[in-house]
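For reference, protein-v2.cif is printed below; it contains mmCIF, C-alpha atoms, pLDDT in the B column; chains and numbers go by the auth columns.
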data_target
#
loop_
_atom_site.group_PDB
_atom_site.id
_atom_site.type_symbol
_atom_site.label_atom_id
_atom_site.label_comp_id
_atom_site.label_asym_id
_atom_site.label_seq_id
_atom_site.Cartn_x
_atom_site.Cartn_y
_atom_site.Cartn_z
_atom_site.B_iso_or_equiv
_atom_site.auth_seq_id
_atom_site.auth_asym_id
ATOM 1 C CA MET A 1 14.719 -6.799 -6.457 96.00 638 A
ATOM 2 C CA ILE A 2 12.297 -9.539 -5.445 97.00 639 A
ATOM 3 C CA PHE A 3 10.286 -9.485 -2.213 97.00 640 A
ATOM 4 C CA GLU A 4 8.623 -12.606 -0.830 97.00 641 A
ATOM 5 C CA ILE A 5 6.621 -13.329 2.275 96.00 642 A
ATOM 6 C CA ASP A 6 5.896 -16.974 2.986 95.00 643 A
ATOM 7 C CA ASN A 7 4.354 -19.417 5.475 93.00 644 A
ATOM 8 C CA VAL A 8 2.508 -16.726 7.424 94.00 645 A
ATOM 9 C CA GLU A 9 0.400 -17.968 10.309 93.00 646 A
ATOM 10 C CA LEU A 10 -1.610 -15.465 12.346 93.00 647 A
ATOM 11 C CA TYR A 11 -4.062 -16.081 15.155 91.00 648 A
ATOM 12 C CA PHE A 12 -6.100 -13.629 17.209 87.00 649 A
ATOM 13 C CA LYS A 13 -6.623 -15.526 20.442 83.00 650 A
ATOM 14 C CA SER A 14 -7.714 -18.939 19.121 81.00 651 A
ATOM 15 C CA LYS A 15 -9.114 -17.689 15.819 85.00 652 A
ATOM 16 C CA LYS A 16 -7.031 -18.386 12.737 87.00 653 A
ATOM 17 C CA ILE A 17 -6.728 -15.293 10.527 89.00 654 A
ATOM 18 C CA LEU A 18 -3.949 -16.211 8.087 93.00 655 A
ATOM 19 C CA ASN A 19 -2.440 -19.580 7.277 91.00 656 A
ATOM 20 C CA GLY A 20 0.204 -20.635 4.768 83.00 657 A
ATOM 21 C CA ILE A 21 0.266 -17.236 3.091 92.00 658 A
ATOM 22 C CA TYR A 22 2.649 -16.674 0.176 96.00 659 A
ATOM 23 C CA LEU A 23 3.126 -13.486 -1.824 97.00 660 A
ATOM 24 C CA LYS A 24 5.806 -12.430 -4.283 97.00 661 A
ATOM 25 C CA ALA A 25 6.452 -8.952 -5.684 98.00 662 A
ATOM 26 C CA GLU A 26 9.246 -7.444 -7.731 97.00 663 A
ATOM 27 C CA THR A 27 10.677 -4.167 -8.904 97.00 664 A
ATOM 28 C CA GLY A 28 8.794 -2.599 -11.797 97.00 665 A
ATOM 29 C CA LYS A 29 5.506 -4.318 -10.994 96.00 666 A
ATOM 30 C CA VAL A 30 2.518 -3.366 -8.874 98.00 667 A
ATOM 31 C CA THR A 31 1.212 -6.288 -6.833 98.00 668 A
ATOM 32 C CA GLY A 32 -2.368 -6.091 -5.588 97.00 669 A
ATOM 33 C CA ILE A 33 -4.130 -7.956 -2.786 97.00 670 A
ATOM 34 C CA LEU A 34 -7.903 -8.354 -2.923 96.00 671 A
ATOM 35 C CA GLY A 35 -10.214 -9.902 -0.365 93.00 672 A
ATOM 36 C CA ARG A 36 -13.390 -9.341 1.600 90.00 673 A
ATOM 37 C CA ASN A 37 -13.474 -6.954 4.553 86.00 674 A
ATOM 38 C CA GLY A 38 -11.928 -8.511 7.620 85.00 675 A
ATOM 39 C CA CYS A 39 -10.098 -11.271 5.749 87.00 676 A
ATOM 40 C CA GLY A 40 -6.657 -10.095 6.899 90.00 677 A
ATOM 41 C CA LYS A 41 -5.319 -7.888 4.088 94.00 678 A
ATOM 42 C CA SER A 42 -4.192 -5.093 6.414 94.00 679 A
ATOM 43 C CA SER A 43 -2.813 -7.634 8.870 94.00 680 A
ATOM 44 C CA LEU A 44 -0.713 -9.141 6.096 96.00 681 A
ATOM 45 C CA LEU A 45 0.800 -5.744 5.242 96.00 682 A
ATOM 46 C CA ASP A 46 1.415 -5.065 8.935 96.00 683 A
ATOM 47 C CA ILE A 47 3.182 -8.421 9.225 95.00 684 A
ATOM 48 C CA ALA A 48 5.286 -7.735 6.142 96.00 685 A
ATOM 49 C CA PHE A 49 6.322 -4.323 7.481 96.00 686 A
ATOM 50 C CA GLY A 50 6.955 -5.665 10.965 93.00 687 A
ATOM 51 C CA ASN A 51 4.175 -3.875 12.862 93.00 688 A
ATOM 52 C CA LEU A 52 2.412 -7.129 13.707 93.00 689 A
ATOM 53 C CA LYS A 53 4.064 -10.290 14.966 92.00 690 A
ATOM 54 C CA PRO A 54 2.421 -13.502 13.745 92.00 691 A
ATOM 55 C CA LYS A 55 2.977 -17.024 14.989 91.00 692 A
ATOM 56 C CA TYR A 56 5.256 -17.587 12.007 92.00 693 A
ATOM 57 C CA LYS A 57 6.482 -15.805 8.900 94.00 694 A
ATOM 58 C CA LEU A 58 9.394 -15.851 6.492 95.00 695 A
ATOM 59 C CA VAL A 59 10.394 -12.686 4.642 96.00 696 A
ATOM 60 C CA ARG A 60 12.942 -12.848 1.829 96.00 697 A
ATOM 61 C CA ILE A 61 14.508 -10.199 -0.386 96.00 698 A
ATOM 62 C CA ASP A 62 16.318 -11.598 -3.399 95.00 699 A
ATOM 63 C CA LYS A 63 16.008 -15.029 -1.753 94.00 700 A
ATOM 64 C CA LYS A 64 17.859 -13.863 1.370 95.00 701 A
ATOM 65 C CA PRO A 65 15.908 -14.255 4.645 95.00 702 A
ATOM 66 C CA ILE A 66 15.277 -10.952 6.436 94.00 703 A
ATOM 67 C CA LEU A 67 15.317 -11.511 10.176 90.00 704 A
ATOM 68 C CA LYS A 68 14.785 -7.945 11.400 93.00 705 A
ATOM 69 C CA PRO A 69 11.478 -6.060 10.971 92.00 706 A
ATOM 70 C CA LEU A 70 11.343 -4.194 7.684 94.00 707 A
ATOM 71 C CA TYR A 71 10.432 -0.943 9.434 93.00 708 A
ATOM 72 C CA LEU A 72 14.070 -0.847 10.566 93.00 709 A
ATOM 73 C CA ALA A 73 15.224 -0.837 6.949 90.00 710 A
ATOM 74 C CA LYS A 74 15.958 2.469 5.246 89.00 711 A
ATOM 75 C CA ASN A 75 14.507 1.508 1.886 93.00 712 A
ATOM 76 C CA VAL A 76 10.900 0.758 2.890 96.00 713 A
ATOM 77 C CA MET A 77 7.794 2.980 3.164 96.00 714 A
ATOM 78 C CA TYR A 78 4.348 2.066 4.460 97.00 715 A
ATOM 79 C CA LEU A 79 1.030 3.858 4.029 97.00 716 A
ATOM 80 C CA PRO A 80 -1.248 2.544 6.793 95.00 717 A
ATOM 81 C CA GLN A 81 -5.050 2.771 6.763 92.00 718 A
ATOM 82 C CA TYR A 82 -5.033 5.660 9.224 91.00 719 A
ATOM 83 C CA ASP A 83 -3.456 9.136 8.974 93.00 720 A
ATOM 84 C CA PHE A 84 0.189 8.981 10.043 94.00 721 A
ATOM 85 C CA VAL A 85 0.953 12.711 9.767 96.00 722 A
ATOM 86 C CA PRO A 86 0.419 14.826 12.930 95.00 723 A
ATOM 87 C CA ARG A 87 -2.661 17.024 12.538 95.00 724 A
ATOM 88 C CA ASN A 88 -0.909 20.224 13.675 96.00 725 A
ATOM 89 C CA LEU A 89 1.978 19.939 11.193 97.00 726 A
ATOM 90 C CA LYS A 90 1.974 22.505 8.390 97.00 727 A
ATOM 91 C CA ILE A 91 1.927 21.120 4.857 97.00 728 A
ATOM 92 C CA GLY A 92 5.035 23.007 3.731 97.00 729 A
ATOM 93 C CA LYS A 93 7.049 21.647 6.644 97.00 730 A
ATOM 94 C CA LEU A 94 5.713 18.159 5.976 97.00 731 A
ATOM 95 C CA PHE A 95 7.112 18.255 2.441 97.00 732 A
ATOM 96 C CA LYS A 96 10.471 19.480 3.784 97.00 733 A
ATOM 97 C CA LEU A 97 10.588 16.610 6.273 96.00 734 A
ATOM 98 C CA PHE A 98 10.020 14.131 3.459 95.00 735 A
ATOM 99 C CA LYS A 99 12.464 16.028 1.204 95.00 736 A
ATOM 100 C CA ILE A 100 9.794 16.281 -1.488 97.00 737 A
ATOM 101 C CA ASP A 101 9.540 19.409 -3.632 96.00 738 A
ATOM 102 C CA TRP A 102 6.422 21.422 -2.775 97.00 739 A
ATOM 103 C CA ILE A 103 6.597 23.556 -5.935 96.00 740 A
ATOM 104 C CA ASN A 104 6.462 20.531 -8.226 96.00 741 A
ATOM 105 C CA PHE A 105 3.515 19.160 -6.264 97.00 742 A
ATOM 106 C CA SER A 106 1.526 22.409 -6.131 96.00 743 A
ATOM 107 C CA ASP A 107 2.195 23.162 -9.808 96.00 744 A
ATOM 108 C CA LYS A 108 0.918 19.736 -10.821 96.00 745 A
ATOM 109 C CA TYR A 109 -2.062 19.647 -8.442 96.00 746 A
ATOM 110 C CA LYS A 110 -3.387 23.218 -8.530 94.00 747 A
ATOM 111 C CA ASN A 111 -6.185 22.574 -6.031 93.00 748 A
ATOM 112 C CA PHE A 112 -3.544 22.103 -3.319 96.00 749 A
ATOM 113 C CA SER A 113 -1.448 25.180 -4.140 94.00 750 A
ATOM 114 C CA ALA A 114 -2.985 27.365 -1.395 95.00 751 A
ATOM 115 C CA TYR A 115 -2.383 24.785 1.360 96.00 752 A
ATOM 116 C CA LYS A 116 1.333 25.269 2.030 96.00 753 A
ATOM 117 C CA ASN A 117 0.787 27.046 5.362 96.00 754 A
ATOM 118 C CA HIS A 118 -2.293 25.067 6.325 97.00 755 A
ATOM 119 C CA LYS A 119 -2.137 22.538 9.123 97.00 756 A
ATOM 120 C CA PHE A 120 -2.552 18.962 7.955 97.00 757 A
ATOM 121 C CA GLY A 121 -5.626 18.446 10.130 96.00 758 A
ATOM 122 C CA LYS A 122 -7.482 21.295 8.408 96.00 759 A
ATOM 123 C CA LEU A 123 -7.633 19.380 5.132 96.00 760 A
ATOM 124 C CA SER A 124 -10.442 17.010 4.245 95.00 761 A
ATOM 125 C CA GLY A 125 -9.956 13.290 4.763 95.00 762 A
ATOM 126 C CA GLY A 126 -9.553 12.724 1.026 95.00 763 A
ATOM 127 C CA GLU A 127 -7.003 15.531 0.711 96.00 764 A
ATOM 128 C CA ARG A 128 -4.997 14.160 3.621 97.00 765 A
ATOM 129 C CA ARG A 129 -5.064 10.697 2.097 97.00 766 A
ATOM 130 C CA PHE A 130 -3.858 11.964 -1.253 97.00 767 A
ATOM 131 C CA ILE A 131 -0.971 13.937 0.234 97.00 768 A
ATOM 132 C CA GLU A 132 0.188 11.009 2.374 97.00 769 A
ATOM 133 C CA THR A 133 0.010 8.655 -0.617 98.00 770 A
ATOM 134 C CA TYR A 134 1.934 11.141 -2.760 98.00 771 A
ATOM 135 C CA LEU A 135 4.695 11.507 -0.170 97.00 772 A
ATOM 136 C CA VAL A 136 5.035 7.760 0.342 97.00 773 A
ATOM 137 C CA LEU A 137 5.262 7.103 -3.390 98.00 774 A
ATOM 138 C CA LYS A 138 7.641 9.979 -4.152 97.00 775 A
ATOM 139 C CA CYS A 139 10.128 9.042 -1.427 95.00 776 A
ATOM 140 C CA ASP A 140 13.330 7.466 -2.679 93.00 777 A
ATOM 141 C CA LYS A 141 12.479 3.995 -1.386 95.00 778 A
ATOM 142 C CA ASP A 142 12.679 0.603 -3.063 96.00 779 A
ATOM 143 C CA LEU A 143 9.738 -1.125 -1.356 97.00 780 A
ATOM 144 C CA VAL A 144 6.343 0.485 -0.757 98.00 781 A
ATOM 145 C CA PHE A 145 3.261 -0.896 0.998 98.00 782 A
ATOM 146 C CA LEU A 146 -0.042 0.919 0.381 98.00 783 A
ATOM 147 C CA ASP A 147 -3.034 0.045 2.552 97.00 784 A
ATOM 148 C CA GLU A 148 -6.198 1.485 0.944 96.00 785 A
ATOM 149 C CA PRO A 149 -4.624 4.413 -0.936 97.00 786 A
ATOM 150 C CA PHE A 150 -7.961 5.134 -2.688 96.00 787 A
ATOM 151 C CA ASN A 151 -9.993 5.307 0.500 93.00 788 A
ATOM 152 C CA GLY A 152 -12.056 8.484 0.824 93.00 789 A
ATOM 153 C CA ILE A 153 -10.595 10.313 -2.160 95.00 790 A
ATOM 154 C CA SER A 154 -12.487 11.621 -5.176 94.00 791 A
ATOM 155 C CA PRO A 155 -12.548 9.757 -8.512 95.00 792 A
ATOM 156 C CA ILE A 156 -10.298 12.433 -10.048 94.00 793 A
ATOM 157 C CA LEU A 157 -7.703 11.985 -7.296 95.00 794 A
ATOM 158 C CA ILE A 158 -7.961 8.200 -7.628 96.00 795 A
ATOM 159 C CA ASP A 159 -6.937 8.641 -11.256 97.00 796 A
ATOM 160 C CA ASP A 160 -4.081 10.882 -10.101 97.00 797 A
ATOM 161 C CA VAL A 161 -2.896 8.226 -7.632 97.00 798 A
ATOM 162 C CA LYS A 162 -2.966 5.563 -10.335 97.00 799 A
ATOM 163 C CA ALA A 163 -1.017 7.834 -12.687 97.00 800 A
ATOM 164 C CA LEU A 164 1.526 8.474 -9.941 97.00 801 A
ATOM 165 C CA ILE A 165 1.908 4.753 -9.283 97.00 802 A
ATOM 166 C CA ASN A 166 2.581 4.168 -12.977 96.00 803 A
ATOM 167 C CA GLU A 167 5.066 7.038 -12.956 96.00 804 A
ATOM 168 C CA VAL A 168 7.228 5.682 -10.121 96.00 805 A
ATOM 169 C CA LYS A 169 6.776 1.898 -10.305 96.00 806 A
ATOM 170 C CA ASN A 170 9.737 1.150 -12.587 95.00 807 A
ATOM 171 C CA LYS A 171 12.130 1.787 -9.701 94.00 808 A
ATOM 172 C CA LYS A 172 10.044 0.308 -6.895 97.00 809 A
ATOM 173 C CA ILE A 173 8.253 -2.720 -5.580 98.00 810 A
ATOM 174 C CA ILE A 174 4.696 -1.578 -4.856 98.00 811 A
ATOM 175 C CA ILE A 175 2.263 -3.778 -2.924 98.00 812 A
ATOM 176 C CA LEU A 176 -1.236 -2.427 -2.367 97.00 813 A
ATOM 177 C CA THR A 177 -4.659 -3.401 -1.172 97.00 814 A
ATOM 178 C CA ASP A 178 -7.952 -1.543 -1.395 96.00 815 A
ATOM 179 C CA HIS A 179 -11.659 -2.345 -1.305 92.00 816 A
ATOM 180 C CA LYS A 180 -12.110 -0.552 -4.650 94.00 817 A
ATOM 181 C CA TYR A 181 -11.311 -3.733 -6.507 94.00 818 A
ATOM 182 C CA LYS A 182 -11.801 -2.378 -10.023 94.00 819 A
ATOM 183 C CA ASP A 183 -9.147 0.282 -9.416 96.00 820 A
ATOM 184 C CA VAL A 184 -6.826 -2.343 -7.922 96.00 821 A
ATOM 185 C CA ILE A 185 -7.311 -4.597 -10.948 96.00 822 A
ATOM 186 C CA GLU A 186 -6.644 -1.719 -13.329 96.00 823 A
ATOM 187 C CA ILE A 187 -3.363 -0.633 -11.714 96.00 824 A
ATOM 188 C CA THR A 188 -1.784 -3.981 -10.825 96.00 825 A
ATOM 189 C CA ASP A 189 0.554 -6.240 -12.788 97.00 826 A
ATOM 190 C CA GLU A 190 0.197 -9.187 -10.391 97.00 827 A
ATOM 191 C CA LEU A 191 -2.921 -9.906 -8.378 97.00 828 A
ATOM 192 C CA TYR A 192 -3.525 -12.070 -5.321 97.00 829 A
ATOM 193 C CA LEU A 193 -6.831 -12.941 -3.670 95.00 830 A
ATOM 194 C CA LEU A 194 -6.883 -13.496 0.075 94.00 831 A
ATOM 195 C CA ASN A 195 -9.587 -16.089 0.645 91.00 832 A
ATOM 196 C CA ASN A 196 -10.185 -18.686 3.367 88.00 833 A
ATOM 197 C CA ASP A 197 -7.036 -17.563 5.242 88.00 834 A
ATOM 198 C CA SER A 198 -4.736 -18.145 2.239 91.00 835 A
ATOM 199 C CA THR A 199 -3.512 -16.287 -0.839 93.00 836 A
ATOM 200 C CA PHE A 200 -4.211 -17.320 -4.417 94.00 837 A
ATOM 201 C CA LEU A 201 -2.394 -15.883 -7.433 95.00 838 A
ATOM 202 C CA ILE A 202 -5.005 -14.694 -9.926 95.00 839 A
ATOM 203 C CA LYS A 203 -3.965 -15.479 -13.483 93.00 840 A
ATOM 204 C CA ASN A 204 -7.389 -14.949 -15.033 91.00 841 A
ATOM 205 C CA LEU A 205 -9.928 -12.436 -13.726 90.00 842 A
ATOM 206 C CA ASN A 206 -12.663 -15.049 -14.038 89.00 843 A
ATOM 207 C CA GLN A 207 -11.030 -16.730 -11.041 91.00 844 A
ATOM 208 C CA LEU A 208 -12.380 -13.894 -8.884 91.00 845 A
ATOM 209 C CA GLU A 209 -15.858 -15.136 -9.772 90.00 846 A
ATOM 210 C CA ASP A 210 -14.859 -18.759 -9.256 88.00 847 A
ATOM 211 C CA TYR A 211 -13.688 -17.953 -5.715 83.00 848 A
ATOM 212 C CA GLY A 212 -16.918 -16.051 -5.043 84.00 849 A
ATOM 213 C CA TYR A 213 -15.205 -12.705 -4.528 87.00 850 A
ATOM 214 C CA VAL A 214 -17.278 -10.942 -7.201 80.00 851 A
ATOM 215 C CA THR A 215 -20.322 -11.942 -9.210 74.00 852 A
ATOM 216 C CA GLN A 216 -19.042 -10.314 -12.390 65.00 853 A
ATOM 217 C CA VAL A 217 -15.659 -8.770 -13.238 61.00 854 A
#
Starting from the file, give its structure as structure tokens.
Amino acid sequence: MIFEIDNVELYFKSKKILNGIYLKAETGKVTGILGRNGCGKSSLLDIAFGNLKPKYKLVRIDKKPILKPLYLAKNVMYLPQYDFVPRNLKIGKLFKLFKIDWINFSDKYKNFSAYKNHKFGKLSGGERRFIETYLVLKCDKDLVFLDEPFNGISPILIDDVKALINEVKNKKIIILTDHKYKDVIEITDELYLLNNDSTFLIKNLNQLEDYGYVTQV
């Protein structure tokens, strides 16, 4: 499956945020989006998912235009920047709602094994982020958007998230963005830089220096 978003134009009041955006992603590959804070990375994912309505956009799947918001589709999952799980929901019930096996999770990640009857809000921010990312990635969905999956989690759990992405990516389209650019570079197969309102496909990491995004890769 091939996902494309094209010709995106977004304005907040009179300020141009995105213009002429194009991004392509496909099954079996992880596509990353880099860019400075405030450049519109999260807005682009919100537009792709259908949470944010721009002045113009064109979404295609396998070259077929998709006219309805993707959040109405049954094969799409989105990890937003903020917690989406209710704070008073118990972890065990959360896994049942997502139809994800708790035993497999707790056996693999021993530090979480005692949390089954804990309320989600009692966990640390990093623990909550890891569980939400795990659930989103383990769901039987074809298209996954991840907005800052590494945010607030420990280096060990970042490695676990990257391993999980590699484990499931063969059957999914995964599009992610995060300010931890080295981790994004390491996990992605295709990389875009959002710069000056537009996207640029990065074919050589030295381009990140050329565009002034980093001083040294």
Applying 8 Å and all atoms listed in the file, which residues near Pro717 of chain A remain after dropping the ones on its own chain fewer than 4 positions away? List them as an MDAnalysis selection string. chainID A and resid 721 783:785
Measuring atom to atom with only C-alpha atoms, identify which of A:Phe735, A:Phe640, A:Tyr715, A:Tyr818 is nearest to Cys776 of chain A.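 When distances to Cys776 of chain A are compared using only C-alpha atoms, the smallest one comes from A:Phe735.
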Suppose a student applies the PyMOL selection byres ((chain A and resi 655-669) around 9) to this structure; what residues should they get, written as a ChimeraX atom specification? /A:638-648,653-654,670-671,676-677,680-681,691,694,779-780,802-803,805-815,821-822,824-831,833-838
Export C-alpha atoms of the chosen residues as a PDB file, keeping the file's coordinate frame?
ATOM      1  CA  MET A 638      14.719  -6.799  -6.457  1.00 96.00           C
ATOM      2  CA  ILE A 639      12.297  -9.539  -5.445  1.00 97.00           C
ATOM      3  CA  PHE A 640      10.286  -9.485  -2.213  1.00 97.00           C
ATOM      4  CA  GLU A 641       8.623 -12.606  -0.830  1.00 97.00           C
ATOM      5  CA  ILE A 642       6.621 -13.329   2.275  1.00 96.00           C
ATOM      6  CA  ASP A 643       5.896 -16.974   2.986  1.00 95.00           C
ATOM      7  CA  ASN A 644       4.354 -19.417   5.475  1.00 93.00           C
ATOM      8  CA  VAL A 645       2.508 -16.726   7.424  1.00 94.00           C
ATOM      9  CA  GLU A 646       0.400 -17.968  10.309  1.00 93.00           C
ATOM     10  CA  LEU A 647      -1.610 -15.465  12.346  1.00 93.00           C
ATOM     11  CA  TYR A 648      -4.062 -16.081  15.155  1.00 91.00           C
ATOM     12  CA  LYS A 653      -7.031 -18.386  12.737  1.00 87.00           C
ATOM     13  CA  ILE A 654      -6.728 -15.293  10.527  1.00 89.00           C
ATOM     14  CA  ILE A 670      -4.130  -7.956  -2.786  1.00 97.00           C
ATOM     15  CA  LEU A 671      -7.903  -8.354  -2.923  1.00 96.00           C
ATOM     16  CA  CYS A 676     -10.098 -11.271   5.749  1.00 87.00           C
ATOM     17  CA  GLY A 677      -6.657 -10.095   6.899  1.00 90.00           C
ATOM     18  CA  SER A 680      -2.813  -7.634   8.870  1.00 94.00           C
ATOM     19  CA  LEU A 681      -0.713  -9.141   6.096  1.00 96.00           C
ATOM     20  CA  PRO A 691       2.421 -13.502  13.745  1.00 92.00           C
ATOM     21  CA  LYS A 694       6.482 -15.805   8.900  1.00 94.00           C
ATOM     22  CA  ASP A 779      12.679   0.603  -3.063  1.00 96.00           C
ATOM     23  CA  LEU A 780       9.738  -1.125  -1.356  1.00 97.00           C
ATOM     24  CA  ILE A 802       1.908   4.753  -9.283  1.00 97.00           C
ATOM     25  CA  ASN A 803       2.581   4.168 -12.977  1.00 96.00           C
ATOM     26  CA  VAL A 805       7.228   5.682 -10.121  1.00 96.00           C
ATOM     27  CA  LYS A 806       6.776   1.898 -10.305  1.00 96.00           C
ATOM     28  CA  ASN A 807       9.737   1.150 -12.587  1.00 95.00           C
ATOM     29  CA  LYS A 808      12.130   1.787  -9.701  1.00 94.00           C
ATOM     30  CA  LYS A 809      10.044   0.308  -6.895  1.00 97.00           C
ATOM     31  CA  ILE A 810       8.253  -2.720  -5.580  1.00 98.00           C
ATOM     32  CA  ILE A 811       4.696  -1.578  -4.856  1.00 98.00           C
ATOM     33  CA  ILE A 812       2.263  -3.778  -2.924  1.00 98.00           C
ATOM     34  CA  LEU A 813      -1.236  -2.427  -2.367  1.00 97.00           C
ATOM     35  CA  THR A 814      -4.659  -3.401  -1.172  1.00 97.00           C
ATOM     36  CA  ASP A 815      -7.952  -1.543  -1.395  1.00 96.00           C
ATOM     37  CA  VAL A 821      -6.826  -2.343  -7.922  1.00 96.00           C
ATOM     38  CA  ILE A 822      -7.311  -4.597 -10.948  1.00 96.00           C
ATOM     39  CA  ILE A 824      -3.363  -0.633 -11.714  1.00 96.00           C
ATOM     40  CA  THR A 825      -1.784  -3.981 -10.825  1.00 96.00           C
ATOM     41  CA  ASP A 826       0.554  -6.240 -12.788  1.00 97.00           C
ATOM     42  CA  GLU A 827       0.197  -9.187 -10.391  1.00 97.00           C
ATOM     43  CA  LEU A 828      -2.921  -9.906  -8.378  1.00 97.00           C
ATOM     44  CA  TYR A 829      -3.525 -12.070  -5.321  1.00 97.00           C
ATOM     45  CA  LEU A 830      -6.831 -12.941  -3.670  1.00 95.00           C
ATOM     46  CA  LEU A 831      -6.883 -13.496   0.075  1.00 94.00           C
ATOM     47  CA  ASN A 833     -10.185 -18.686   3.367  1.00 88.00           C
ATOM     48  CA  ASP A 834      -7.036 -17.563   5.242  1.00 88.00           C
ATOM     49  CA  SER A 835      -4.736 -18.145   2.239  1.00 91.00           C
ATOM     50  CA  THR A 836      -3.512 -16.287  -0.839  1.00 93.00           C
ATOM     51  CA  PHE A 837      -4.211 -17.320  -4.417  1.00 94.00           C
ATOM     52  CA  LEU A 838      -2.394 -15.883  -7.433  1.00 95.00           C
TER      53      LEU A 838
END
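Every protein, DNA or RNA residue with an atom at most 6 Å from His755 of chain A, where only C-alpha atoms count and chain neighbours fewer than 2 positions away do not, is listed here: Lys727, Ile728, Tyr752 and Lys753 of chain A.
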Trp739 of chain A environment, 9 Å, only C-alpha atoms, sequence neighbours closer than 4 positions dropped, as a VMD selection string: chain A and resid 728 to 729 732 to 733 743 to 744 750 753
Atom CA of Gly675 of chain A sits from atom CA of Asn712 of chain A at a separation of 28.8 Å
When you look at Tyr848 of chain A with a cut-off of 9 Å (counting all atoms listed in the file), what residues show up, excluding the ones that are within fewer than 4 positions of it in the same chain? I need them as JSON, numbers by chain. {"A": [830, 832, 843, 844]}
Can you write out the residues you just picked, keeping C-alpha atoms, as a JSON list (two decimals), in the frame of the given file?
[["chain", "number", "residue", "atom", "x", "y", "z"],
["A", 830, "LEU", "CA", -6.83, -12.94, -3.67],
["A", 832, "ASN", "CA", -9.59, -16.09, 0.64],
["A", 843, "ASN", "CA", -12.66, -15.05, -14.04],
["A", 844, "GLN", "CA", -11.03, -16.73, -11.04]]
Selection result for the PyMOL selection byres ((chain A and resi 765) around 10) on this file, as a VMD selection string: chain A and resid 720 to 722 724 728 757 to 764 766 to 771 789 to 790
In Å, how far is it from atom CA of Leu801 of chain A to atom CA of Phe787 of chain A?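 We find that atom CA of Leu801 of chain A and atom CA of Phe787 of chain A lie 12.4 Å from each other.
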Would you mind completing segment 689-704 of chain A to N, CA and C atoms and writing the output as a PDB file, in the coordinates of the input?
ATOM      1  N   LEU A 689       3.209  -6.075  13.080  1.00 93.00           N
ATOM      2  CA  LEU A 689       2.412  -7.129  13.707  1.00 93.00           C
ATOM      3  C   LEU A 689       3.217  -8.427  13.693  1.00 93.00           C
ATOM      4  N   LYS A 690       3.284  -9.055  14.845  1.00 92.00           N
ATOM      5  CA  LYS A 690       4.064 -10.290  14.966  1.00 92.00           C
ATOM      6  C   LYS A 690       3.140 -11.498  14.896  1.00 92.00           C
ATOM      7  N   PRO A 691       3.259 -12.306  13.860  1.00 92.00           N
ATOM      8  CA  PRO A 691       2.421 -13.502  13.745  1.00 92.00           C
ATOM      9  C   PRO A 691       3.063 -14.683  14.476  1.00 92.00           C
ATOM     10  N   LYS A 692       2.382 -15.807  14.424  1.00 91.00           N
ATOM     11  CA  LYS A 692       2.977 -17.024  14.989  1.00 91.00           C
ATOM     12  C   LYS A 692       4.203 -17.420  14.188  1.00 91.00           C
ATOM     13  N   TYR A 693       4.120 -17.231  12.859  1.00 92.00           N
ATOM     14  CA  TYR A 693       5.256 -17.587  12.007  1.00 92.00           C
ATOM     15  C   TYR A 693       5.199 -16.767  10.726  1.00 92.00           C
ATOM     16  N   LYS A 694       6.374 -16.446  10.216  1.00 94.00           N
ATOM     17  CA  LYS A 694       6.482 -15.805   8.900  1.00 94.00           C
ATOM     18  C   LYS A 694       7.910 -15.992   8.406  1.00 94.00           C
ATOM     19  N   LEU A 695       8.075 -15.868   7.104  1.00 95.00           N
ATOM     20  CA  LEU A 695       9.394 -15.851   6.492  1.00 95.00           C
ATOM     21  C   LEU A 695       9.384 -14.758   5.431  1.00 95.00           C
ATOM     22  N   VAL A 696      10.257 -13.772   5.611  1.00 96.00           N
ATOM     23  CA  VAL A 696      10.394 -12.686   4.642  1.00 96.00           C
ATOM     24  C   VAL A 696      11.739 -12.843   3.943  1.00 96.00           C
ATOM     25  N   ARG A 697      11.708 -12.752   2.609  1.00 96.00           N
ATOM     26  CA  ARG A 697      12.942 -12.848   1.829  1.00 96.00           C
ATOM     27  C   ARG A 697      13.035 -11.677   0.859  1.00 96.00           C
ATOM     28  N   ILE A 698      14.224 -11.161   0.672  1.00 96.00           N
ATOM     29  CA  ILE A 698      14.508 -10.199  -0.386  1.00 96.00           C
ATOM     30  C   ILE A 698      15.646 -10.759  -1.212  1.00 96.00           C
ATOM     31  N   ASP A 699      15.366 -10.943  -2.496  1.00 95.00           N
ATOM     32  CA  ASP A 699      16.318 -11.598  -3.399  1.00 95.00           C
ATOM     33  C   ASP A 699      16.802 -12.923  -2.826  1.00 95.00           C
ATOM     34  N   LYS A 700      15.821 -13.676  -2.302  1.00 94.00           N
ATOM     35  CA  LYS A 700      16.008 -15.029  -1.753  1.00 94.00           C
ATOM     36  C   LYS A 700      16.777 -15.069  -0.433  1.00 94.00           C
ATOM     37  N   LYS A 701      17.139 -13.915   0.090  1.00 95.00           N
ATOM     38  CA  LYS A 701      17.859 -13.863   1.370  1.00 95.00           C
ATOM     39  C   LYS A 701      16.867 -13.602   2.504  1.00 95.00           C
ATOM     40  N   PRO A 702      16.827 -14.471   3.519  1.00 95.00           N
ATOM     41  CA  PRO A 702      15.908 -14.255   4.645  1.00 95.00           C
ATOM     42  C   PRO A 702      16.207 -12.947   5.375  1.00 95.00           C
ATOM     43  N   ILE A 703      15.160 -12.204   5.693  1.00 94.00           N
ATOM     44  CA  ILE A 703      15.277 -10.952   6.436  1.00 94.00           C
ATOM     45  C   ILE A 703      14.769 -11.210   7.847  1.00 94.00           C
ATOM     46  N   LEU A 704      15.659 -11.134   8.812  1.00 90.00           N
ATOM     47  CA  LEU A 704      15.317 -11.511  10.176  1.00 90.00           C
ATOM     48  C   LEU A 704      14.828 -10.337  11.017  1.00 90.00           C
TER      49      LEU A 704
END
